[in-house]
$ cat my_file.cif   # mmCIF, C-alpha atoms and all ligand atoms
data_input
loop_
_atom_site.group_PDB
_atom_site.id
_atom_site.type_symbol
_atom_site.label_atom_id
_atom_site.label_comp_id
_atom_site.auth_asym_id
_atom_site.auth_seq_id
_atom_site.Cartn_x
_atom_site.Cartn_y
_atom_site.Cartn_z
ATOM 1 C CA MET A 112 -6.163 132.358 13.424
ATOM 2 C CA SER A 113 -5.002 135.746 14.705
ATOM 3 C CA ALA A 114 -1.277 136.405 14.935
ATOM 4 C CA THR A 115 0.419 136.804 18.325
ATOM 5 C CA TYR A 116 2.584 139.674 17.067
ATOM 6 C CA ASP A 117 1.480 142.594 14.923
ATOM 7 C CA GLU A 118 3.221 143.104 11.604
ATOM 8 C CA PRO A 119 5.935 145.575 12.731
ATOM 9 C CA HIS A 120 6.871 143.318 15.644
ATOM 10 C CA TRP A 121 6.861 140.237 13.451
ATOM 11 C CA GLN A 122 9.108 141.985 10.927
ATOM 12 C CA SER A 123 11.582 142.903 13.676
ATOM 13 C CA ILE A 124 11.663 139.238 14.771
ATOM 14 C CA VAL A 125 12.246 138.043 11.196
ATOM 15 C CA HIS A 126 14.863 140.747 10.567
ATOM 16 C CA THR A 127 16.824 140.003 13.753
ATOM 17 C CA LEU A 128 16.785 136.227 13.344
ATOM 18 C CA GLU A 129 17.579 136.333 9.627
ATOM 19 C CA GLU A 130 20.557 138.577 10.359
ATOM 20 C CA LEU A 131 21.739 135.878 12.735
ATOM 21 C CA GLY A 132 21.387 133.291 9.939
ATOM 22 C CA PHE A 133 18.019 131.711 10.766
ATOM 23 C CA GLN A 134 15.578 131.976 7.833
ATOM 24 C CA VAL A 135 12.473 132.157 10.039
ATOM 25 C CA GLY A 136 10.466 133.963 7.358
ATOM 26 C CA ALA A 137 10.433 130.691 5.412
ATOM 27 C CA TYR A 138 8.627 128.694 8.126
ATOM 28 C CA LYS A 139 4.885 128.606 8.827
ATOM 29 C CA ARG A 140 4.242 131.508 11.147
ATOM 30 C CA PRO A 141 1.699 130.285 13.773
ATOM 31 C CA GLN A 142 3.878 127.477 15.096
ATOM 32 C CA LEU A 143 6.947 129.737 15.218
ATOM 33 C CA GLU A 144 5.013 132.367 17.135
ATOM 34 C CA ARG A 145 3.845 129.806 19.705
ATOM 35 C CA ARG A 146 7.381 128.515 20.260
ATOM 36 C CA LEU A 147 8.829 132.024 20.414
ATOM 37 C CA THR A 148 6.251 133.151 22.984
ATOM 38 C CA SER A 149 6.841 130.125 25.196
ATOM 39 C CA PHE A 150 10.644 130.515 24.944
ATOM 40 C CA ILE A 151 10.445 134.172 25.995
ATOM 41 C CA ALA A 152 8.193 133.264 28.942
ATOM 42 C CA ARG A 153 10.327 130.295 29.972
ATOM 43 C CA GLU A 154 13.520 132.354 29.931
ATOM 44 C CA ALA A 155 11.747 135.212 31.744
ATOM 45 C CA TYR A 156 12.548 138.086 29.360
ATOM 46 C CA ALA A 157 10.575 141.255 30.153
ATOM 47 C CA ASP A 158 9.303 141.538 26.595
ATOM 48 C CA LEU A 159 10.083 140.839 22.952
ATOM 49 C CA ALA A 160 12.480 143.793 22.652
ATOM 50 C CA ALA A 161 14.551 142.544 25.600
ATOM 51 C CA PHE A 162 14.746 139.087 24.053
ATOM 52 C CA LEU A 163 15.779 140.409 20.618
ATOM 53 C CA THR A 164 18.500 142.557 22.206
ATOM 54 C CA ALA A 165 19.812 139.590 24.200
ATOM 55 C CA ILE A 166 19.838 137.182 21.257
ATOM 56 C CA ARG A 167 21.867 139.602 19.138
ATOM 57 C CA ARG A 168 24.565 139.654 21.815
ATOM 58 C CA ASP A 169 24.613 136.075 23.012
ATOM 59 C CA SER A 170 25.504 133.375 20.490
ATOM 60 C CA LEU A 171 24.790 130.591 23.010
ATOM 61 C CA LEU A 172 21.294 131.953 23.538
ATOM 62 C CA TYR A 173 20.831 132.020 19.769
ATOM 63 C CA ARG A 174 21.890 128.383 19.464
ATOM 64 C CA ARG A 175 19.627 127.337 22.319
ATOM 65 C CA PHE A 176 16.740 129.190 20.752
ATOM 66 C CA HIS A 177 17.415 127.570 17.344
ATOM 67 C CA THR A 178 17.311 124.129 18.960
ATOM 68 C CA TYR A 179 14.101 125.010 20.798
ATOM 69 C CA LEU A 180 12.390 126.311 17.686
ATOM 70 C CA THR A 181 13.212 123.427 15.378
ATOM 71 C CA ILE A 182 11.341 120.182 16.091
ATOM 72 C CA HIS A 183 13.615 117.142 16.389
ATOM 73 C CA VAL A 184 11.189 114.267 16.818
ATOM 74 C CA THR A 185 12.482 111.196 15.034
ATOM 75 C CA GLU A 186 12.840 107.458 15.507
ATOM 76 C CA PHE A 187 14.475 104.463 13.869
ATOM 77 C CA PHE A 188 12.462 103.163 10.897
ATOM 78 C CA ARG A 189 9.801 105.811 11.477
ATOM 79 C CA ASP A 190 6.538 104.589 9.895
ATOM 80 C CA PRO A 191 7.849 101.020 9.400
ATOM 81 C CA PRO A 192 5.720 99.954 6.374
ATOM 82 C CA TYR A 193 7.221 102.832 4.387
ATOM 83 C CA TRP A 194 10.702 101.472 5.035
ATOM 84 C CA VAL A 195 9.654 98.043 3.741
ATOM 85 C CA ARG A 196 8.502 99.681 0.507
ATOM 86 C CA PHE A 197 11.598 101.887 0.457
ATOM 87 C CA ARG A 198 13.730 98.738 0.498
ATOM 88 C CA GLU A 199 11.711 97.337 -2.426
ATOM 89 C CA ALA A 200 12.263 100.595 -4.338
ATOM 90 C CA ILE A 201 16.018 100.460 -3.706
ATOM 91 C CA GLU A 202 16.080 96.899 -5.062
ATOM 92 C CA GLN A 203 15.117 98.391 -8.439
ATOM 93 C CA ILE A 204 18.327 100.492 -8.543
ATOM 94 C CA PRO A 205 20.894 98.368 -10.346
ATOM 95 C CA THR A 206 24.090 100.042 -9.108
ATOM 96 C CA ARG A 207 25.658 98.527 -5.999
ATOM 97 C CA ASP A 208 27.205 101.758 -4.705
ATOM 98 C CA LEU A 209 24.694 104.352 -3.576
ATOM 99 C CA ARG A 210 25.012 107.939 -2.438
ATOM 100 C CA VAL A 211 22.245 108.938 -0.032
ATOM 101 C CA TRP A 212 21.288 112.301 1.436
ATOM 102 C CA SER A 213 19.239 112.410 4.630
ATOM 103 C CA ALA A 214 18.094 116.046 4.836
ATOM 104 C CA GLY A 215 16.844 117.140 8.260
ATOM 105 C CA CYS A 216 18.362 114.072 9.913
ATOM 106 C CA SER A 217 17.861 115.210 13.542
ATOM 107 C CA TRP A 218 19.893 113.002 15.929
ATOM 108 C CA GLY A 219 20.500 110.373 13.270
ATOM 109 C CA ALA A 220 17.772 107.718 13.492
ATOM 110 C CA GLU A 221 16.895 108.238 9.827
ATOM 111 C CA PRO A 222 20.367 107.957 8.237
ATOM 112 C CA VAL A 223 21.179 105.051 10.547
ATOM 113 C CA SER A 224 17.968 103.272 9.448
ATOM 114 C CA ALA A 225 19.019 103.807 5.814
ATOM 115 C CA ALA A 226 22.510 102.481 6.549
ATOM 116 C CA LEU A 227 21.100 99.376 8.269
ATOM 117 C CA LEU A 228 18.813 98.722 5.310
ATOM 118 C CA LEU A 229 21.620 99.067 2.776
ATOM 119 C CA GLU A 230 23.986 97.018 4.895
ATOM 120 C CA GLU A 231 21.480 94.146 4.990
ATOM 121 C CA MET A 232 20.976 94.483 1.232
ATOM 122 C CA GLY A 233 24.702 94.091 0.649
ATOM 123 C CA ARG A 234 24.986 97.529 -0.940
ATOM 124 C CA ARG A 235 27.888 99.932 -0.547
ATOM 125 C CA TYR A 236 26.793 103.367 0.598
ATOM 126 C CA GLU A 237 27.907 106.868 1.389
ATOM 127 C CA ILE A 238 25.297 108.688 3.461
ATOM 128 C CA VAL A 239 25.444 112.440 3.914
ATOM 129 C CA ALA A 240 23.175 113.338 6.828
ATOM 130 C CA THR A 241 22.442 117.031 7.276
ATOM 131 C CA ASP A 242 20.568 119.271 9.665
ATOM 132 C CA SER A 243 20.545 122.999 10.346
ATOM 133 C CA ASP A 244 20.760 122.549 14.119
ATOM 134 C CA ASP A 245 24.212 122.160 15.696
ATOM 135 C CA ALA A 246 22.931 120.566 18.909
ATOM 136 C CA VAL A 247 21.195 117.623 17.229
ATOM 137 C CA LEU A 248 24.180 117.132 14.928
ATOM 138 C CA ALA A 249 26.458 116.897 17.977
ATOM 139 C CA THR A 250 24.159 114.215 19.424
ATOM 140 C CA ALA A 251 24.050 112.417 16.070
ATOM 141 C CA ARG A 252 27.849 112.352 15.827
ATOM 142 C CA GLN A 253 28.115 110.728 19.263
ATOM 143 C CA GLY A 254 26.228 107.732 17.874
ATOM 144 C CA LEU A 255 24.881 106.609 21.247
ATOM 145 C CA TYR A 256 21.332 105.294 21.282
ATOM 146 C CA SER A 257 19.045 104.718 24.287
ATOM 147 C CA GLN A 258 17.391 101.422 25.168
ATOM 148 C CA PRO A 259 13.884 102.611 24.101
ATOM 149 C CA ASP A 260 15.292 103.843 20.771
ATOM 150 C CA TYR A 261 17.139 100.550 20.271
ATOM 151 C CA GLU A 262 13.920 98.631 20.902
ATOM 152 C CA ARG A 263 12.321 100.351 17.901
ATOM 153 C CA ILE A 264 14.850 98.706 15.615
ATOM 154 C CA PRO A 265 13.430 95.606 13.922
ATOM 155 C CA PRO A 266 15.214 92.506 15.343
ATOM 156 C CA PRO A 267 17.074 91.572 12.112
ATOM 157 C CA TYR A 268 19.036 94.841 12.328
ATOM 158 C CA ARG A 269 19.951 94.640 16.018
ATOM 159 C CA LYS A 270 23.029 92.567 15.289
ATOM 160 C CA TYR A 271 24.713 95.794 14.096
ATOM 161 C CA PHE A 272 24.615 97.289 17.612
ATOM 162 C CA ARG A 273 26.489 96.557 20.769
ATOM 163 C CA ALA A 274 25.879 97.714 24.310
ATOM 164 C CA ARG A 275 28.069 100.368 25.892
ATOM 165 C CA ASP A 276 27.444 101.788 29.382
ATOM 166 C CA GLY A 277 23.692 101.260 29.257
ATOM 167 C CA GLN A 278 23.371 102.606 25.721
ATOM 168 C CA TRP A 279 23.872 101.187 22.244
ATOM 169 C CA ILE A 280 26.401 101.982 19.535
ATOM 170 C CA LEU A 281 26.734 100.851 15.947
ATOM 171 C CA ALA A 282 29.264 98.114 15.357
ATOM 172 C CA GLY A 283 30.243 95.901 12.460
ATOM 173 C CA MET A 284 28.843 97.957 9.598
ATOM 174 C CA ALA A 285 31.207 97.313 6.707
ATOM 175 C CA GLY A 286 29.292 98.669 3.721
ATOM 176 C CA GLY A 287 29.781 102.403 4.078
ATOM 177 C CA ASN A 288 29.735 105.542 6.174
ATOM 178 C CA ILE A 289 27.452 108.224 7.499
ATOM 179 C CA THR A 290 28.844 111.761 7.556
ATOM 180 C CA TYR A 291 26.984 114.400 9.560
ATOM 181 C CA GLN A 292 27.135 117.955 8.192
ATOM 182 C CA ARG A 293 25.518 121.241 9.060
ATOM 183 C CA HIS A 294 23.289 122.275 6.160
ATOM 184 C CA ASP A 295 20.330 124.615 5.977
ATOM 185 C CA LEU A 296 17.910 123.396 3.341
ATOM 186 C CA VAL A 297 16.554 126.910 2.803
ATOM 187 C CA ALA A 298 19.789 128.885 2.680
ATOM 188 C CA ASP A 299 22.571 126.547 1.547
ATOM 189 C CA ALA A 300 23.561 125.158 -1.849
ATOM 190 C CA LEU A 301 22.991 121.449 -2.444
ATOM 191 C CA PRO A 302 25.570 119.274 -0.700
ATOM 192 C CA GLY A 303 25.987 117.151 -3.855
ATOM 193 C CA VAL A 304 24.206 114.760 -6.186
ATOM 194 C CA PHE A 305 22.667 111.622 -4.702
ATOM 195 C CA ASP A 306 20.996 108.425 -5.886
ATOM 196 C CA ILE A 307 18.547 108.724 -3.012
ATOM 197 C CA VAL A 308 17.269 111.757 -1.129
ATOM 198 C CA ILE A 309 15.413 111.164 2.131
ATOM 199 C CA CYS A 310 13.672 114.278 3.388
ATOM 200 C CA ARG A 311 10.978 113.301 5.830
ATOM 201 C CA ASN A 312 8.989 115.501 8.175
ATOM 202 C CA LEU A 313 10.911 118.668 7.353
ATOM 203 C CA ILE A 314 9.247 120.462 4.444
ATOM 204 C CA ILE A 315 5.901 120.374 6.317
ATOM 205 C CA TYR A 316 7.240 123.194 8.515
ATOM 206 C CA PHE A 317 7.601 125.645 5.616
ATOM 207 C CA LYS A 318 5.191 128.032 3.915
ATOM 208 C CA SER A 319 3.747 126.633 0.698
ATOM 209 C CA ASP A 320 5.866 128.747 -1.695
ATOM 210 C CA VAL A 321 9.063 127.843 0.172
ATOM 211 C CA ARG A 322 8.015 124.198 0.347
ATOM 212 C CA ALA A 323 7.620 124.141 -3.452
ATOM 213 C CA ARG A 324 11.066 125.742 -3.865
ATOM 214 C CA LEU A 325 12.603 123.163 -1.516
ATOM 215 C CA LEU A 326 11.037 120.284 -3.440
ATOM 216 C CA GLY A 327 12.633 121.772 -6.559
ATOM 217 C CA LYS A 328 15.930 121.859 -4.717
ATOM 218 C CA LEU A 329 15.658 118.205 -3.674
ATOM 219 C CA ASN A 330 14.812 117.377 -7.291
ATOM 220 C CA GLY A 331 18.048 119.080 -8.353
ATOM 221 C CA ALA A 332 20.046 116.721 -6.121
ATOM 222 C CA LEU A 333 18.797 113.600 -7.933
ATOM 223 C CA PRO A 334 19.826 111.963 -11.193
ATOM 224 C CA ILE A 335 17.217 110.405 -13.450
ATOM 225 C CA GLY A 336 16.166 107.172 -11.745
ATOM 226 C CA GLY A 337 16.970 108.632 -8.316
ATOM 227 C CA LEU A 338 14.560 108.144 -5.421
ATOM 228 C CA LEU A 339 12.932 110.767 -3.234
ATOM 229 C CA PHE A 340 11.586 109.489 0.096
ATOM 230 C CA LEU A 341 9.230 111.928 1.857
ATOM 231 C CA GLY A 342 7.382 111.755 5.194
ATOM 232 C CA ALA A 343 4.270 109.625 5.575
ATOM 233 C CA THR A 344 1.918 112.589 6.027
ATOM 234 C CA GLU A 345 3.427 114.809 3.329
ATOM 235 C CA THR A 346 1.675 115.539 0.070
ATOM 236 C CA PHE A 347 3.616 116.050 -3.160
ATOM 237 C CA LEU A 348 0.907 116.998 -5.621
ATOM 238 C CA GLU A 349 3.414 118.657 -7.963
ATOM 239 C CA TYR A 350 5.280 115.395 -8.568
ATOM 240 C CA VAL A 351 4.211 115.020 -12.216
ATOM 241 C CA ASP A 352 5.189 118.607 -13.098
ATOM 242 C CA MET A 353 8.535 118.069 -11.427
ATOM 243 C CA GLY A 354 9.197 114.939 -13.482
ATOM 244 C CA PHE A 355 8.614 112.255 -10.853
ATOM 245 C CA GLU A 356 6.568 109.067 -10.852
ATOM 246 C CA VAL A 357 5.076 107.415 -7.781
ATOM 247 C CA VAL A 358 6.840 104.227 -6.738
ATOM 248 C CA SER A 359 4.718 103.734 -3.616
ATOM 249 C CA PRO A 360 3.164 106.130 -1.088
ATOM 250 C CA SER A 361 5.724 108.836 -0.185
ATOM 251 C CA ILE A 362 8.369 107.338 -2.495
ATOM 252 C CA PHE A 363 8.990 108.957 -5.878
ATOM 253 C CA ARG A 364 11.336 108.161 -8.758
ATOM 254 C CA LYS A 365 12.751 110.914 -10.947
ATOM 255 C CA LYS A 366 11.876 110.363 -14.602
ATOM 256 C CA GLY A 367 12.691 113.907 -15.827
ATOM 257 C CA ILE A 368 14.138 114.933 -19.122
ATOM 258 C CA PRO A 369 17.946 115.253 -19.180
ATOM 259 C CA GLY A 370 18.962 118.857 -18.628
ATOM 260 C CA PRO A 371 21.245 121.046 -16.555
ATOM 261 C CA THR A 372 19.667 119.989 -13.242
ATOM 262 C CA ASN A 373 18.949 116.414 -14.308
ATOM 263 C CA HIS A 374 22.201 114.647 -13.643
ATOM 264 C CA GLN A 375 22.852 111.312 -15.281
ATOM 265 C CA ARG A 376 23.980 108.596 -12.928
ATOM 266 C CA VAL A 377 27.604 107.728 -13.649
ATOM 267 C CA PRO A 378 27.684 104.005 -14.474
HETATM 268 C C1 LIG A 401 10.895 116.614 12.782
HETATM 269 S S1 LIG A 401 12.586 116.396 12.482
HETATM 270 C C2 LIG A 401 12.548 115.089 11.282
HETATM 271 C C3 LIG A 401 13.665 114.097 11.479
HETATM 272 C C4 LIG A 401 13.665 112.929 10.484
HETATM 273 N N1 LIG A 401 13.826 113.396 9.123
HETATM 274 C C5 LIG A 401 12.412 112.109 10.615
HETATM 275 O O1 LIG A 401 11.521 112.205 9.776
HETATM 276 O O2 LIG A 401 12.290 111.354 11.581
HETATM 277 C C6 LIG A 401 12.992 117.852 11.482
HETATM 278 C C7 LIG A 401 14.464 118.167 11.456
HETATM 279 O O3 LIG A 401 14.672 119.166 10.461
HETATM 280 C C8 LIG A 401 15.621 120.094 10.948
HETATM 281 N N2 LIG A 401 15.470 121.361 10.247
HETATM 282 C C9 LIG A 401 14.603 122.379 10.507
HETATM 283 N N3 LIG A 401 14.792 123.388 9.643
HETATM 284 C C10 LIG A 401 15.796 123.001 8.812
HETATM 285 C C11 LIG A 401 16.437 123.605 7.713
HETATM 286 N N4 LIG A 401 16.088 124.829 7.299
HETATM 287 N N5 LIG A 401 17.430 122.931 7.084
HETATM 288 C C12 LIG A 401 17.800 121.697 7.500
HETATM 289 N N6 LIG A 401 17.225 121.058 8.544
HETATM 290 C C13 LIG A 401 16.231 121.710 9.195
HETATM 291 C C14 LIG A 401 15.360 120.178 12.435
HETATM 292 O O4 LIG A 401 16.496 120.663 13.133
HETATM 293 C C15 LIG A 401 14.980 118.742 12.763
HETATM 294 O O5 LIG A 401 16.083 118.010 13.240
#

$ encode --input "my_file.cif" --output "structure tokens"
Amino acid sequence: MSATYDEPHWQSIVHTLEELGFQVGAYKRPQLERRLTSFIAREAYADLAAFLTAIRRDSLLYRRFHTYLTIHVTEFFRDPPYWVRFREAIEQIPTRDLRVWSAGCSWGAEPVSAALLLEEMGRRYEIVATDSDDAVLATARQGLYSQPDYERIPPPYRKYFRARDGQWILAGMAGGNITYQRHDLVADALPGVFDIVICRNLIIYFKSDVRARLLGKLNGALPIGGLLFLGATETFLEYVDMGFEVVSPSIFRKKGIPGPTNHQRVP
């Protein structure tokens, strides 16, 4: 597929956006180019140069562009059979208290699904939910869910919601908390060590070398015995080399050899 921008133009895009803190060079290029072209047309900039000048000066434009470029599609219990098997995998973890990282959490359906699961299992949990986009994090923190989103929640979990002004909010969850934090998986240091890392439908957007580096990063956030839950369509062919075993499709358990990045779970 031919590129929309020639190399010098592409480099000026990457340079400008990376200076502003957006590691665009890490993402697959064709999709970024399509989104960039449609944003420029939609906002009626004369050309690429005019857009790059404007985005350097206008932090609100930058934030709007970041939100436009990153894809935020998500839903409660996305790919439901995977969540059934995820629950079975969690049952194998003997400790009652669990630290969970939902990386690329969008507006929160994923960490909330994890919280509902753990709540029903009688576990205690601390969920750190991160995303690089401020706008989706603001929505996530509001914790208001629409009727169609609510209807995706399997009936046994609906008791943890109550209606408010035509929307739904969480209520009566006693087992733990979800904290939403800004975190860029490419640029930022790990936000901690976790028993479970959920990173679904995010690493697919990155170039293969970056994707491999990010999988290594997620690995570094897990202790031996920790679980990694990836998206339903994602491949993880390197799992053996990285010291994981398959628990079920898209769910991996870290077996690795103890070492500096292989944390031991504190009993
Ligand atoms: C397609 S959504 C996936 C949401 C959820 N994990 C799911 O599977 O339903 C991808 C999310 O990753 C976020 N994202 C994109 N680049 C990121 C990065 N470098 N670091 C952290 N999050 C990122 C986007 O803002 C978006 O909310």

$ resolve_selection --input "my_file.cif" --expression "the PyMOL selection byres (((not hetatm)) within 10 of (chain A and resi 401))" --output "JSON list (two decimals) with C-alpha atoms, in the coordinates of the input"
[["chain", "number", "residue", "atom", "x", "y", "z"],
["A", 133, "PHE", "CA", 18.02, 131.71, 10.77],
["A", 134, "GLN", "CA", 15.58, 131.98, 7.83],
["A", 135, "VAL", "CA", 12.47, 132.16, 10.04],
["A", 137, "ALA", "CA", 10.43, 130.69, 5.41],
["A", 138, "TYR", "CA", 8.63, 128.69, 8.13],
["A", 177, "HIS", "CA", 17.42, 127.57, 17.34],
["A", 178, "THR", "CA", 17.31, 124.13, 18.96],
["A", 179, "TYR", "CA", 14.10, 125.01, 20.80],
["A", 180, "LEU", "CA", 12.39, 126.31, 17.69],
["A", 181, "THR", "CA", 13.21, 123.43, 15.38],
["A", 182, "ILE", "CA", 11.34, 120.18, 16.09],
["A", 183, "HIS", "CA", 13.62, 117.14, 16.39],
["A", 184, "VAL", "CA", 11.19, 114.27, 16.82],
["A", 185, "THR", "CA", 12.48, 111.20, 15.03],
["A", 186, "GLU", "CA", 12.84, 107.46, 15.51],
["A", 187, "PHE", "CA", 14.48, 104.46, 13.87],
["A", 188, "PHE", "CA", 12.46, 103.16, 10.90],
["A", 189, "ARG", "CA", 9.80, 105.81, 11.48],
["A", 190, "ASP", "CA", 6.54, 104.59, 9.90],
["A", 213, "SER", "CA", 19.24, 112.41, 4.63],
["A", 214, "ALA", "CA", 18.09, 116.05, 4.84],
["A", 215, "GLY", "CA", 16.84, 117.14, 8.26],
["A", 216, "CYS", "CA", 18.36, 114.07, 9.91],
["A", 217, "SER", "CA", 17.86, 115.21, 13.54],
["A", 218, "TRP", "CA", 19.89, 113.00, 15.93],
["A", 219, "GLY", "CA", 20.50, 110.37, 13.27],
["A", 220, "ALA", "CA", 17.77, 107.72, 13.49],
["A", 221, "GLU", "CA", 16.90, 108.24, 9.83],
["A", 222, "PRO", "CA", 20.37, 107.96, 8.24],
["A", 240, "ALA", "CA", 23.18, 113.34, 6.83],
["A", 241, "THR", "CA", 22.44, 117.03, 7.28],
["A", 242, "ASP", "CA", 20.57, 119.27, 9.66],
["A", 243, "SER", "CA", 20.54, 123.00, 10.35],
["A", 244, "ASP", "CA", 20.76, 122.55, 14.12],
["A", 245, "ASP", "CA", 24.21, 122.16, 15.70],
["A", 246, "ALA", "CA", 22.93, 120.57, 18.91],
["A", 247, "VAL", "CA", 21.20, 117.62, 17.23],
["A", 248, "LEU", "CA", 24.18, 117.13, 14.93],
["A", 293, "ARG", "CA", 25.52, 121.24, 9.06],
["A", 294, "HIS", "CA", 23.29, 122.28, 6.16],
["A", 295, "ASP", "CA", 20.33, 124.62, 5.98],
["A", 296, "LEU", "CA", 17.91, 123.40, 3.34],
["A", 297, "VAL", "CA", 16.55, 126.91, 2.80],
["A", 298, "ALA", "CA", 19.79, 128.88, 2.68],
["A", 299, "ASP", "CA", 22.57, 126.55, 1.55],
["A", 309, "ILE", "CA", 15.41, 111.16, 2.13],
["A", 310, "CYS", "CA", 13.67, 114.28, 3.39],
["A", 311, "ARG", "CA", 10.98, 113.30, 5.83],
["A", 312, "ASN", "CA", 8.99, 115.50, 8.18],
["A", 313, "LEU", "CA", 10.91, 118.67, 7.35],
["A", 314, "ILE", "CA", 9.25, 120.46, 4.44],
["A", 315, "ILE", "CA", 5.90, 120.37, 6.32],
["A", 316, "TYR", "CA", 7.24, 123.19, 8.52],
["A", 317, "PHE", "CA", 7.60, 125.64, 5.62],
["A", 325, "LEU", "CA", 12.60, 123.16, -1.52],
["A", 341, "LEU", "CA", 9.23, 111.93, 1.86],
["A", 342, "GLY", "CA", 7.38, 111.76, 5.19],
["A", 343, "ALA", "CA", 4.27, 109.62, 5.58]]

$ atom_distance --input "my_file.cif" --atom1 "atom CA of A:Ile151" --atom2 "atom CA of A:Ser319"
27.2 Å

$ resolve_selection --input "my_file.cif" --expression "the PyMOL selection byres (((chain A and resi 142-148) around 10) and not hetatm)" --output "ChimeraX atom specification"
/A:114-116,121,124,135-136,138-141,149-153,158-159,162,176,179-181,316

$ write_last_selection --input "my_file.cif" --atoms "C-alpha atoms" --output "PDB file, in the frame of the given file"
ATOM      1  CA  ALA A 114      -1.277 136.405  14.935  1.00  0.00           C
ATOM      2  CA  THR A 115       0.419 136.804  18.325  1.00  0.00           C
ATOM      3  CA  TYR A 116       2.584 139.674  17.067  1.00  0.00           C
ATOM      4  CA  TRP A 121       6.861 140.237  13.451  1.00  0.00           C
ATOM      5  CA  ILE A 124      11.663 139.238  14.771  1.00  0.00           C
ATOM      6  CA  VAL A 135      12.473 132.157  10.039  1.00  0.00           C
ATOM      7  CA  GLY A 136      10.466 133.963   7.358  1.00  0.00           C
ATOM      8  CA  TYR A 138       8.627 128.694   8.126  1.00  0.00           C
ATOM      9  CA  LYS A 139       4.885 128.606   8.827  1.00  0.00           C
ATOM     10  CA  ARG A 140       4.242 131.508  11.147  1.00  0.00           C
ATOM     11  CA  PRO A 141       1.699 130.285  13.773  1.00  0.00           C
ATOM     12  CA  SER A 149       6.841 130.125  25.196  1.00  0.00           C
ATOM     13  CA  PHE A 150      10.644 130.515  24.944  1.00  0.00           C
ATOM     14  CA  ILE A 151      10.445 134.172  25.995  1.00  0.00           C
ATOM     15  CA  ALA A 152       8.193 133.264  28.942  1.00  0.00           C
ATOM     16  CA  ARG A 153      10.327 130.295  29.972  1.00  0.00           C
ATOM     17  CA  ASP A 158       9.303 141.538  26.595  1.00  0.00           C
ATOM     18  CA  LEU A 159      10.083 140.839  22.952  1.00  0.00           C
ATOM     19  CA  PHE A 162      14.746 139.087  24.053  1.00  0.00           C
ATOM     20  CA  PHE A 176      16.740 129.190  20.752  1.00  0.00           C
ATOM     21  CA  TYR A 179      14.101 125.010  20.798  1.00  0.00           C
ATOM     22  CA  LEU A 180      12.390 126.311  17.686  1.00  0.00           C
ATOM     23  CA  THR A 181      13.212 123.427  15.378  1.00  0.00           C
ATOM     24  CA  TYR A 316       7.240 123.194   8.515  1.00  0.00           C
TER      25      TYR A 316
END

$ resolve_selection --input "my_file.cif" --expression "the PyMOL selection byres (((chain A and resi 279-285) around 12) and not hetatm)" --output "compact mmCIF listing (two decimals) with C-alpha atoms, in the coordinates of the input"
# COMPACT_ATOMS: atom_id res chain seq x y z
CA GLY A 219 20.50 110.37 13.27
CA ALA A 220 17.77 107.72 13.49
CA VAL A 223 21.18 105.05 10.55
CA SER A 224 17.97 103.27 9.45
CA ALA A 226 22.51 102.48 6.55
CA LEU A 227 21.10 99.38 8.27
CA LEU A 228 18.81 98.72 5.31
CA LEU A 229 21.62 99.07 2.78
CA GLU A 230 23.99 97.02 4.89
CA GLU A 231 21.48 94.15 4.99
CA MET A 232 20.98 94.48 1.23
CA GLY A 233 24.70 94.09 0.65
CA ARG A 234 24.99 97.53 -0.94
CA ARG A 235 27.89 99.93 -0.55
CA TYR A 236 26.79 103.37 0.60
CA GLU A 237 27.91 106.87 1.39
CA ALA A 251 24.05 112.42 16.07
CA ARG A 252 27.85 112.35 15.83
CA GLN A 253 28.12 110.73 19.26
CA GLY A 254 26.23 107.73 17.87
CA LEU A 255 24.88 106.61 21.25
CA TYR A 256 21.33 105.29 21.28
CA SER A 257 19.05 104.72 24.29
CA GLN A 258 17.39 101.42 25.17
CA PRO A 259 13.88 102.61 24.10
CA ASP A 260 15.29 103.84 20.77
CA TYR A 261 17.14 100.55 20.27
CA GLU A 262 13.92 98.63 20.90
CA ILE A 264 14.85 98.71 15.62
CA TYR A 268 19.04 94.84 12.33
CA ARG A 269 19.95 94.64 16.02
CA LYS A 270 23.03 92.57 15.29
CA TYR A 271 24.71 95.79 14.10
CA PHE A 272 24.62 97.29 17.61
CA ARG A 273 26.49 96.56 20.77
CA ALA A 274 25.88 97.71 24.31
CA ARG A 275 28.07 100.37 25.89
CA ASP A 276 27.44 101.79 29.38
CA GLY A 277 23.69 101.26 29.26
CA GLN A 278 23.37 102.61 25.72
CA GLY A 286 29.29 98.67 3.72
CA GLY A 287 29.78 102.40 4.08
CA ASN A 288 29.74 105.54 6.17
CA ILE A 289 27.45 108.22 7.50

$ atom_distance --input "my_file.cif" --atom1 "atom CA of A:Gln203" --atom2 "atom CA of A:Asp306"
11.9 Å

$ axis_aligned_box --input "my_file.cif" --around "stretch 127-130 of chain A" --padding-each-side "6 Å" --output "JSON"
{"center_x": 18.7, "center_y": 138.1, "center_z": 11.7, "size_x": 15.8, "size_y": 15.8, "size_z": 16.1}
